[in-house]
file start_3.txt (compact mmCIF, C-alpha atoms and all ligand atoms)
# COMPACT_ATOMS: atom_id res chain seq x y z
CA MET A 15 25.16 15.78 -31.54
CA ALA A 16 23.68 17.92 -34.34
CA ASP A 17 24.69 21.56 -34.59
CA GLU A 18 22.23 24.10 -33.23
CA VAL A 19 22.13 27.03 -35.65
CA ILE A 20 19.89 30.01 -34.94
CA LEU A 21 19.61 33.19 -36.99
CA LEU A 22 18.35 36.37 -35.34
CA ASP A 23 16.78 38.25 -38.26
CA PHE A 24 14.34 40.95 -39.31
CA TRP A 25 12.44 39.89 -42.44
CA PRO A 26 13.23 42.85 -44.79
CA SER A 27 16.91 43.04 -43.81
CA PRO A 28 19.31 42.46 -46.72
CA PHE A 29 22.02 41.74 -44.15
CA GLY A 30 19.99 38.90 -42.64
CA LYS A 31 19.26 37.54 -46.11
CA ARG A 32 22.99 37.23 -46.80
CA VAL A 33 23.28 34.83 -43.90
CA MET A 34 20.23 32.81 -44.96
CA ILE A 35 21.53 32.46 -48.52
CA ALA A 36 24.99 31.37 -47.32
CA LEU A 37 23.49 28.77 -44.93
CA ARG A 38 21.26 27.41 -47.71
CA GLU A 39 24.16 27.31 -50.19
CA LYS A 40 25.96 25.11 -47.66
CA GLY A 41 22.91 22.99 -46.88
CA VAL A 42 22.94 23.93 -43.17
CA GLU A 43 19.69 23.46 -41.23
CA PHE A 44 18.80 26.50 -39.13
CA ASP A 45 16.02 28.17 -37.16
CA THR A 46 15.11 31.81 -37.61
CA ARG A 47 13.99 34.09 -34.75
CA GLU A 48 12.29 37.21 -35.99
CA GLU A 49 13.27 40.35 -34.07
CA ASP A 50 11.15 43.41 -33.39
CA LEU A 51 13.82 46.09 -33.80
CA SER A 52 11.72 48.66 -31.93
CA ASN A 53 11.62 46.29 -28.96
CA LYS A 54 14.77 44.18 -29.14
CA SER A 55 14.69 40.80 -27.42
CA PRO A 56 16.88 40.04 -24.38
CA LEU A 57 18.49 37.34 -26.56
CA LEU A 58 19.58 39.89 -29.22
CA LEU A 59 20.90 42.29 -26.57
CA LYS A 60 22.82 39.44 -24.95
CA MET A 61 24.21 38.03 -28.20
CA ASN A 62 25.17 41.37 -29.80
CA PRO A 63 25.72 43.74 -26.87
CA VAL A 64 28.05 46.00 -28.87
CA ARG A 65 25.94 46.80 -31.94
CA LYS A 66 22.55 45.43 -30.80
CA GLN A 67 21.80 44.69 -34.47
CA ILE A 68 20.63 41.75 -36.52
CA PRO A 69 21.80 39.52 -38.09
CA VAL A 70 23.35 37.38 -35.39
CA LEU A 71 24.19 33.75 -36.04
CA ILE A 72 24.18 31.62 -32.90
CA HIS A 73 26.12 28.41 -33.46
CA ASN A 74 25.86 25.97 -30.55
CA GLY A 75 25.22 28.91 -28.21
CA LYS A 76 28.08 31.08 -29.55
CA PRO A 77 27.18 34.35 -31.30
CA ILE A 78 28.77 35.66 -34.50
CA CYS A 79 27.86 39.22 -35.53
CA GLU A 80 28.16 41.36 -38.68
CA SER A 81 26.96 39.84 -41.94
CA LEU A 82 30.34 39.88 -43.75
CA VAL A 83 31.98 38.15 -40.78
CA ILE A 84 29.10 35.67 -40.47
CA VAL A 85 29.22 34.68 -44.15
CA GLN A 86 32.98 34.07 -43.90
CA TYR A 87 32.41 32.02 -40.73
CA ILE A 88 29.79 29.92 -42.53
CA ASP A 89 32.20 29.41 -45.42
CA GLU A 90 34.98 28.25 -43.10
CA THR A 91 32.73 26.05 -40.94
CA TRP A 92 30.55 24.14 -43.41
CA GLY A 93 30.64 22.63 -46.89
CA PRO A 94 34.30 22.87 -47.94
CA GLU A 95 33.22 21.22 -51.21
CA SER A 96 31.17 24.33 -52.11
CA PRO A 97 33.35 27.28 -51.06
CA LEU A 98 32.06 30.84 -51.30
CA LEU A 99 35.45 32.54 -51.11
CA PRO A 100 38.15 31.55 -53.61
CA SER A 101 41.13 29.54 -52.33
CA ASP A 102 43.73 31.75 -54.02
CA PRO A 103 44.83 34.55 -51.60
CA TYR A 104 44.83 37.22 -54.32
CA GLU A 105 41.33 36.26 -55.49
CA ARG A 106 40.17 36.19 -51.85
CA ALA A 107 41.52 39.71 -51.37
CA ARG A 108 39.67 40.84 -54.51
CA ALA A 109 36.41 39.30 -53.27
CA ARG A 110 36.83 41.11 -49.92
CA PHE A 111 37.53 44.37 -51.76
CA TRP A 112 34.25 44.09 -53.68
CA ALA A 113 32.38 43.09 -50.53
CA ASP A 114 33.61 46.29 -48.93
CA TYR A 115 32.55 48.22 -52.05
CA VAL A 116 29.02 46.80 -51.83
CA ASP A 117 28.67 47.93 -48.21
CA LYS A 118 30.39 51.29 -48.48
CA LYS A 119 29.08 52.42 -51.88
CA ILE A 120 26.02 50.46 -52.99
CA TYR A 121 24.30 50.17 -49.62
CA TRP A 122 24.99 53.75 -48.55
CA ALA A 123 23.98 55.28 -51.89
CA ALA A 124 20.77 53.18 -51.95
CA ARG A 125 19.93 54.11 -48.36
CA SER A 126 20.66 57.80 -48.93
CA ALA A 127 18.58 57.87 -52.12
CA TRP A 128 15.69 56.43 -50.14
CA VAL A 129 15.83 58.57 -46.99
CA LEU A 130 17.07 61.93 -48.32
CA THR A 131 15.09 64.51 -50.29
CA GLY A 132 15.73 67.21 -52.88
CA GLU A 133 19.24 67.75 -54.23
CA ALA A 134 20.84 65.36 -51.75
CA GLN A 135 18.51 62.64 -53.01
CA GLU A 136 19.37 63.41 -56.62
CA ALA A 137 23.07 63.17 -55.83
CA ALA A 138 22.50 59.81 -54.08
CA ASN A 139 20.50 58.50 -57.05
CA LYS A 140 23.39 59.42 -59.33
CA GLU A 141 25.93 57.86 -57.01
CA PHE A 142 23.90 54.65 -56.78
CA ILE A 143 23.64 54.11 -60.52
CA GLU A 144 27.29 55.07 -61.05
CA SER A 145 28.39 52.60 -58.36
CA LEU A 146 26.23 49.91 -59.96
CA LYS A 147 27.92 50.61 -63.31
CA VAL A 148 31.28 50.01 -61.66
CA LEU A 149 29.96 46.59 -60.57
CA GLU A 150 28.67 46.03 -64.11
CA GLY A 151 32.28 46.49 -65.28
CA GLU A 152 33.60 44.08 -62.65
CA LEU A 153 30.98 41.46 -63.57
CA GLY A 154 31.82 41.76 -67.29
CA ASP A 155 30.95 38.55 -69.12
CA LYS A 156 31.23 36.30 -66.06
CA ALA A 157 28.18 34.34 -64.94
CA TYR A 158 28.73 35.46 -61.34
CA PHE A 159 31.01 37.86 -59.48
CA GLY A 160 32.62 34.64 -58.25
CA GLY A 161 33.32 33.60 -61.88
CA GLU A 162 31.63 30.35 -62.87
CA ARG A 163 30.56 29.79 -59.25
CA PHE A 164 28.06 31.70 -57.15
CA GLY A 165 30.36 33.09 -54.45
CA TYR A 166 30.95 35.54 -51.62
CA VAL A 167 30.26 38.80 -53.51
CA ASP A 168 27.13 37.28 -55.12
CA VAL A 169 25.80 36.30 -51.68
CA LEU A 170 26.44 39.79 -50.31
CA LEU A 171 25.02 41.76 -53.22
CA ILE A 172 21.95 39.82 -54.33
CA PRO A 173 19.77 40.79 -51.30
CA PHE A 174 20.10 44.45 -52.35
CA SER A 175 18.46 43.66 -55.69
CA THR A 176 15.14 43.66 -53.83
CA CYS A 177 15.36 47.45 -53.56
CA PHE A 178 16.24 47.98 -57.26
CA HIS A 179 12.61 48.40 -58.31
CA ALA A 180 11.90 51.02 -55.64
CA LEU A 181 15.13 52.88 -56.48
CA GLU A 182 14.61 52.98 -60.24
CA THR A 183 11.10 54.32 -59.75
CA LEU A 184 12.46 56.99 -57.41
CA GLY A 185 15.41 57.92 -59.64
CA ASN A 186 13.52 57.62 -62.92
CA TYR A 187 16.05 55.32 -64.58
CA SER A 188 16.00 51.73 -65.76
CA ILE A 189 18.53 49.29 -64.33
CA VAL A 190 18.04 46.91 -67.28
CA GLU A 191 19.02 49.76 -69.62
CA GLU A 192 21.82 51.22 -67.49
CA CYS A 193 23.32 47.95 -66.25
CA PRO A 194 22.06 45.07 -68.44
CA LYS A 195 24.67 42.61 -67.17
CA VAL A 196 23.77 43.23 -63.54
CA ALA A 197 20.08 42.87 -64.43
CA ALA A 198 20.78 39.49 -66.14
CA TRP A 199 22.89 38.43 -63.14
CA VAL A 200 19.93 39.16 -60.80
CA LYS A 201 17.69 36.91 -62.92
CA GLN A 202 20.31 34.17 -62.91
CA CYS A 203 20.76 34.37 -59.11
CA MET A 204 16.99 34.21 -58.61
CA GLN A 205 17.04 30.76 -60.26
CA ARG A 206 18.99 29.45 -57.29
CA GLU A 207 16.91 27.84 -54.58
CA SER A 208 19.07 29.40 -51.85
CA VAL A 209 18.24 32.89 -53.16
CA ALA A 210 14.60 32.40 -54.18
CA LYS A 211 13.77 30.84 -50.80
CA SER A 212 15.51 33.57 -48.80
CA LEU A 213 14.43 36.84 -50.39
CA PRO A 214 11.16 38.36 -49.12
CA ASP A 215 8.04 38.84 -51.20
CA GLN A 216 8.69 41.85 -53.48
CA HIS A 217 5.23 43.46 -52.98
CA LYS A 218 5.46 43.18 -49.21
CA LEU A 219 8.94 44.69 -49.39
CA ASP A 220 7.86 47.57 -51.66
CA ASP A 221 5.13 48.44 -49.11
CA HIS A 222 7.74 48.29 -46.35
CA PHE A 223 10.02 50.70 -48.26
CA VAL A 224 7.15 53.19 -48.70
CA ALA A 225 6.36 53.01 -44.97
CA LEU A 226 10.05 53.50 -44.16
CA LYS A 227 10.24 56.59 -46.36
CA LYS A 228 7.15 58.09 -44.69
CA GLU A 229 8.70 57.37 -41.28
CA HIS A 230 11.90 59.23 -42.26
CA GLN A 231 9.99 62.14 -43.73
CA ALA A 232 7.95 62.47 -40.52
CA GLN A 233 11.14 62.67 -38.42
N1 LIG B 301 26.91 46.11 -40.75
C1 LIG B 301 25.82 45.30 -40.26
C2 LIG B 301 24.52 46.02 -40.54
C3 LIG B 301 23.32 45.35 -39.87
C4 LIG B 301 22.12 46.28 -39.80
O1 LIG B 301 22.12 47.43 -40.28
N2 LIG B 301 21.04 45.75 -39.16
C5 LIG B 301 19.86 46.56 -38.98
C6 LIG B 301 18.65 45.91 -39.66
S1 LIG B 301 18.80 45.94 -41.40
C7 LIG B 301 19.53 46.63 -37.48
O2 LIG B 301 19.68 45.67 -36.75
N3 LIG B 301 19.05 47.79 -37.05
C8 LIG B 301 18.66 48.04 -35.69
C9 LIG B 301 19.53 49.04 -35.02
O3 LIG B 301 20.53 49.50 -35.62
O4 LIG B 301 19.22 49.39 -33.88
C10 LIG B 301 25.89 43.93 -40.93
O5 LIG B 301 26.43 43.82 -42.03
O6 LIG B 301 25.44 42.95 -40.31

call {"tool": "encode", "arguments": {"input": "start_3.txt", "output": "structure tokens", "more": "lines below"}}
Ligand SMILES: N[C@@H](CCC(=O)N[C@@H](CS)C(=O)NCC(=O)O)C(=O)O
result
Amino acid sequence: MADEVILLDFWPSPFGKRVMIALREKGVEFDTREEDLSNKSPLLLKMNPVRKQIPVLIHNGKPICESLVIVQYIDETWGPESPLLPSDPYERARARFWADYVDKKIYWAARSAWVLTGEAQEAANKEFIESLKVLEGELGDKAYFGGERFGYVDVLLIPFSTCFHALETLGNYSIVEECPKVAAWVKQCMQRESVAKSLPDQHKLDDHFVALKKEHQAQ
């Protein structure tokens, strides 16, 4: 019997896009259920009762939560011929370290820059670009963070590139100038079908970010 693979998602979510990209890299067929996060479905509440967040991957009725955990599950479950994590334990540990860096530094600085105002926003802008420069150093002259192969860290980071335009406008800097290798890496990743098919329309997303900012300012 064929696998039943369902992704509970919310279209602008970079976390949901990680899962989509990983599934597409592995050639796994899946259905997406769009969630209204202001009115969460009984299915989401049942499948992720602890965090009540998307993404959730439901594989033959069994839920897997948290995007980093889901991407590792996908890697271990499908397509051993196209692994996302390296086989060497030390290289795996390094990939997990950078995954953690993306979530703890890049995501939080980007989010803070977007929702905060005044001096706190300026500090977040600075932290974001400095964190991105650290990634620029890690990328170096490699094609991907995974080396020659598009891998785990690439899958986790590329969805955040959709907020680069909004952030550079806000912070008055240019990512191409500050981090040219990261900018070239984004272009290279966008050539992949798994990425191009998964990331939302940039204009729609930019409008969403503006609405989100207004919502935060009104609170
Ligand atoms: N650490 C989680 C973050 C997921 C997350 O922040 N999901 C957001 C959408 S982007 C969500 O479901 N928000 C609704 C809520 O927190 O109530 C992951 O990596 O999966």

call {"tool": "residues_near_ligand", "arguments": {"input": "start_3.txt", "ligand": "ligand LIG 301 (chain B)", "cutoff": "10 Å", "atoms": "only C-alpha atoms and all ligand atoms", "output": "PDB file with C-alpha atoms, in the coordinates of the input"}}
result
ATOM      1  CA  LEU A  22      18.350  36.370 -35.340  1.00  0.00           C
ATOM      2  CA  ASP A  23      16.780  38.250 -38.260  1.00  0.00           C
ATOM      3  CA  PHE A  24      14.340  40.950 -39.310  1.00  0.00           C
ATOM      4  CA  TRP A  25      12.440  39.890 -42.440  1.00  0.00           C
ATOM      5  CA  PRO A  26      13.230  42.850 -44.790  1.00  0.00           C
ATOM      6  CA  SER A  27      16.910  43.040 -43.810  1.00  0.00           C
ATOM      7  CA  PRO A  28      19.310  42.460 -46.720  1.00  0.00           C
ATOM      8  CA  PHE A  29      22.020  41.740 -44.150  1.00  0.00           C
ATOM      9  CA  GLY A  30      19.990  38.900 -42.640  1.00  0.00           C
ATOM     10  CA  LYS A  31      19.260  37.540 -46.110  1.00  0.00           C
ATOM     11  CA  ARG A  32      22.990  37.230 -46.800  1.00  0.00           C
ATOM     12  CA  VAL A  33      23.280  34.830 -43.900  1.00  0.00           C
ATOM     13  CA  GLU A  49      13.270  40.350 -34.070  1.00  0.00           C
ATOM     14  CA  ASP A  50      11.150  43.410 -33.390  1.00  0.00           C
ATOM     15  CA  LEU A  51      13.820  46.090 -33.800  1.00  0.00           C
ATOM     16  CA  SER A  52      11.720  48.660 -31.930  1.00  0.00           C
ATOM     17  CA  ASN A  53      11.620  46.290 -28.960  1.00  0.00           C
ATOM     18  CA  LYS A  54      14.770  44.180 -29.140  1.00  0.00           C
ATOM     19  CA  LEU A  58      19.580  39.890 -29.220  1.00  0.00           C
ATOM     20  CA  ASN A  62      25.170  41.370 -29.800  1.00  0.00           C
ATOM     21  CA  ARG A  65      25.940  46.800 -31.940  1.00  0.00           C
ATOM     22  CA  LYS A  66      22.550  45.430 -30.800  1.00  0.00           C
ATOM     23  CA  GLN A  67      21.800  44.690 -34.470  1.00  0.00           C
ATOM     24  CA  ILE A  68      20.630  41.750 -36.520  1.00  0.00           C
ATOM     25  CA  PRO A  69      21.800  39.520 -38.090  1.00  0.00           C
ATOM     26  CA  VAL A  70      23.350  37.380 -35.390  1.00  0.00           C
ATOM     27  CA  ILE A  78      28.770  35.660 -34.500  1.00  0.00           C
ATOM     28  CA  CYS A  79      27.860  39.220 -35.530  1.00  0.00           C
ATOM     29  CA  GLU A  80      28.160  41.360 -38.680  1.00  0.00           C
ATOM     30  CA  SER A  81      26.960  39.840 -41.940  1.00  0.00           C
ATOM     31  CA  LEU A  82      30.340  39.880 -43.750  1.00  0.00           C
ATOM     32  CA  VAL A  83      31.980  38.150 -40.780  1.00  0.00           C
ATOM     33  CA  ILE A  84      29.100  35.670 -40.470  1.00  0.00           C
ATOM     34  CA  VAL A  85      29.220  34.680 -44.150  1.00  0.00           C
ATOM     35  CA  ASP A 117      28.670  47.930 -48.210  1.00  0.00           C
ATOM     36  CA  LYS A 118      30.390  51.290 -48.480  1.00  0.00           C
ATOM     37  CA  TYR A 121      24.300  50.170 -49.620  1.00  0.00           C
ATOM     38  CA  LEU A 170      26.440  39.790 -50.310  1.00  0.00           C
TER      39      LEU A 170
END

call {"tool": "closest_residue", "arguments": {"input": "start_3.txt", "among": "A:Ser55, A:Ser101, A:Gln231, A:Asn139", "to": "Glu182 in chain A", "atoms": "only C-alpha atoms"}}
result
A:Asn139

call {"tool": "closest_residue", "arguments": {"input": "start_3.txt", "among": "A:Ala36, A:Val64, A:Cys177, A:Leu130", "to": "Pro214 in chain A", "atoms": "all atoms listed in the file"}}
result
A:Cys177

call {"tool": "residues_around", "arguments": {"input": "start_3.txt", "residues": "Glu207 in chain A", "least_positions_apart": "6", "cutoff": "10 Å", "atoms": "all atoms listed in the file", "output": "list in words"}}
result
Ile35, Arg38 and Glu39 of chain A

call {"tool": "atom_distance", "arguments": {"input": "start_3.txt", "atom1": "CA of Lys218 in chain A", "atom2": "CA of Ile88 in chain A"}}
result
28.5 Å

call {"tool": "residues_around", "arguments": {"input": "start_3.txt", "residues": "Phe223 in chain A", "least_positions_apart": "3", "cutoff": "12 Å", "atoms": "only C-alpha atoms", "output": "list in words"}}
result
Pro26, Ser27, Ala124, Arg125, Ala127, Trp128, Val129, Thr176, Cys177, Phe178, His179, Ala180, Leu181, Leu184, Gln216, His217, Lys218, Leu219, Asp220, Leu226, Lys227, Lys228, Glu229 and His230 of chain A

call {"tool": "closest_residue", "arguments": {"input": "start_3.txt", "among": "A:Ser96, A:Thr46, A:Asn74, A:Thr91", "to": "Tyr166 in chain A", "atoms": "only C-alpha atoms"}}
result
A:Ser96

call {"tool": "atom_distance", "arguments": {"input": "start_3.txt", "atom1": "CA of Trp199 in chain A", "atom2": "CA of Ala157 in chain A"}}
result
6.9 Å

call {"tool": "atom_distance", "arguments": {"input": "start_3.txt", "atom1": "CA of Glu191 in chain A", "atom2": "CA of Met204 in chain A"}}
result
19.2 Å

call {"tool": "closest_residue", "arguments": {"input": "start_3.txt", "among": "A:Leu21, A:Lys40, A:Phe174, A:Asp221", "to": "Asp89 in chain A", "atoms": "only C-alpha atoms"}}
result
A:Lys40

call {"tool": "closest_residue", "arguments": {"input": "start_3.txt", "among": "A:Met34, A:Leu171, A:Ile189, A:Val42", "to": "Ala210 in chain A", "atoms": "all atoms listed in the file"}}
result
A:Met34

call {"tool": "residues_around", "arguments": {"input": "start_3.txt", "residues": "Glu136 in chain A", "least_positions_apart": "4", "cutoff": "8 Å", "atoms": "only C-alpha atoms", "output": "ChimeraX atom specification"}}
result
/A:127,131-132,140,185

call {"tool": "closest_residue", "arguments": {"input": "start_3.txt", "among": "A:Ser188, A:Lys201, A:Trp92, A:Ala138", "to": "Trp122 in chain A", "atoms": "all atoms listed in the file"}}
result
A:Ala138

call {"tool": "residues_near_point", "arguments": {"input": "start_3.txt", "point": "(20.6, 26.6, -35.2)", "cutoff": "7 Å", "atoms": "all atoms listed in the file", "output": "ChimeraX atom specification"}}
result
/A:17-21,43-45,72-73
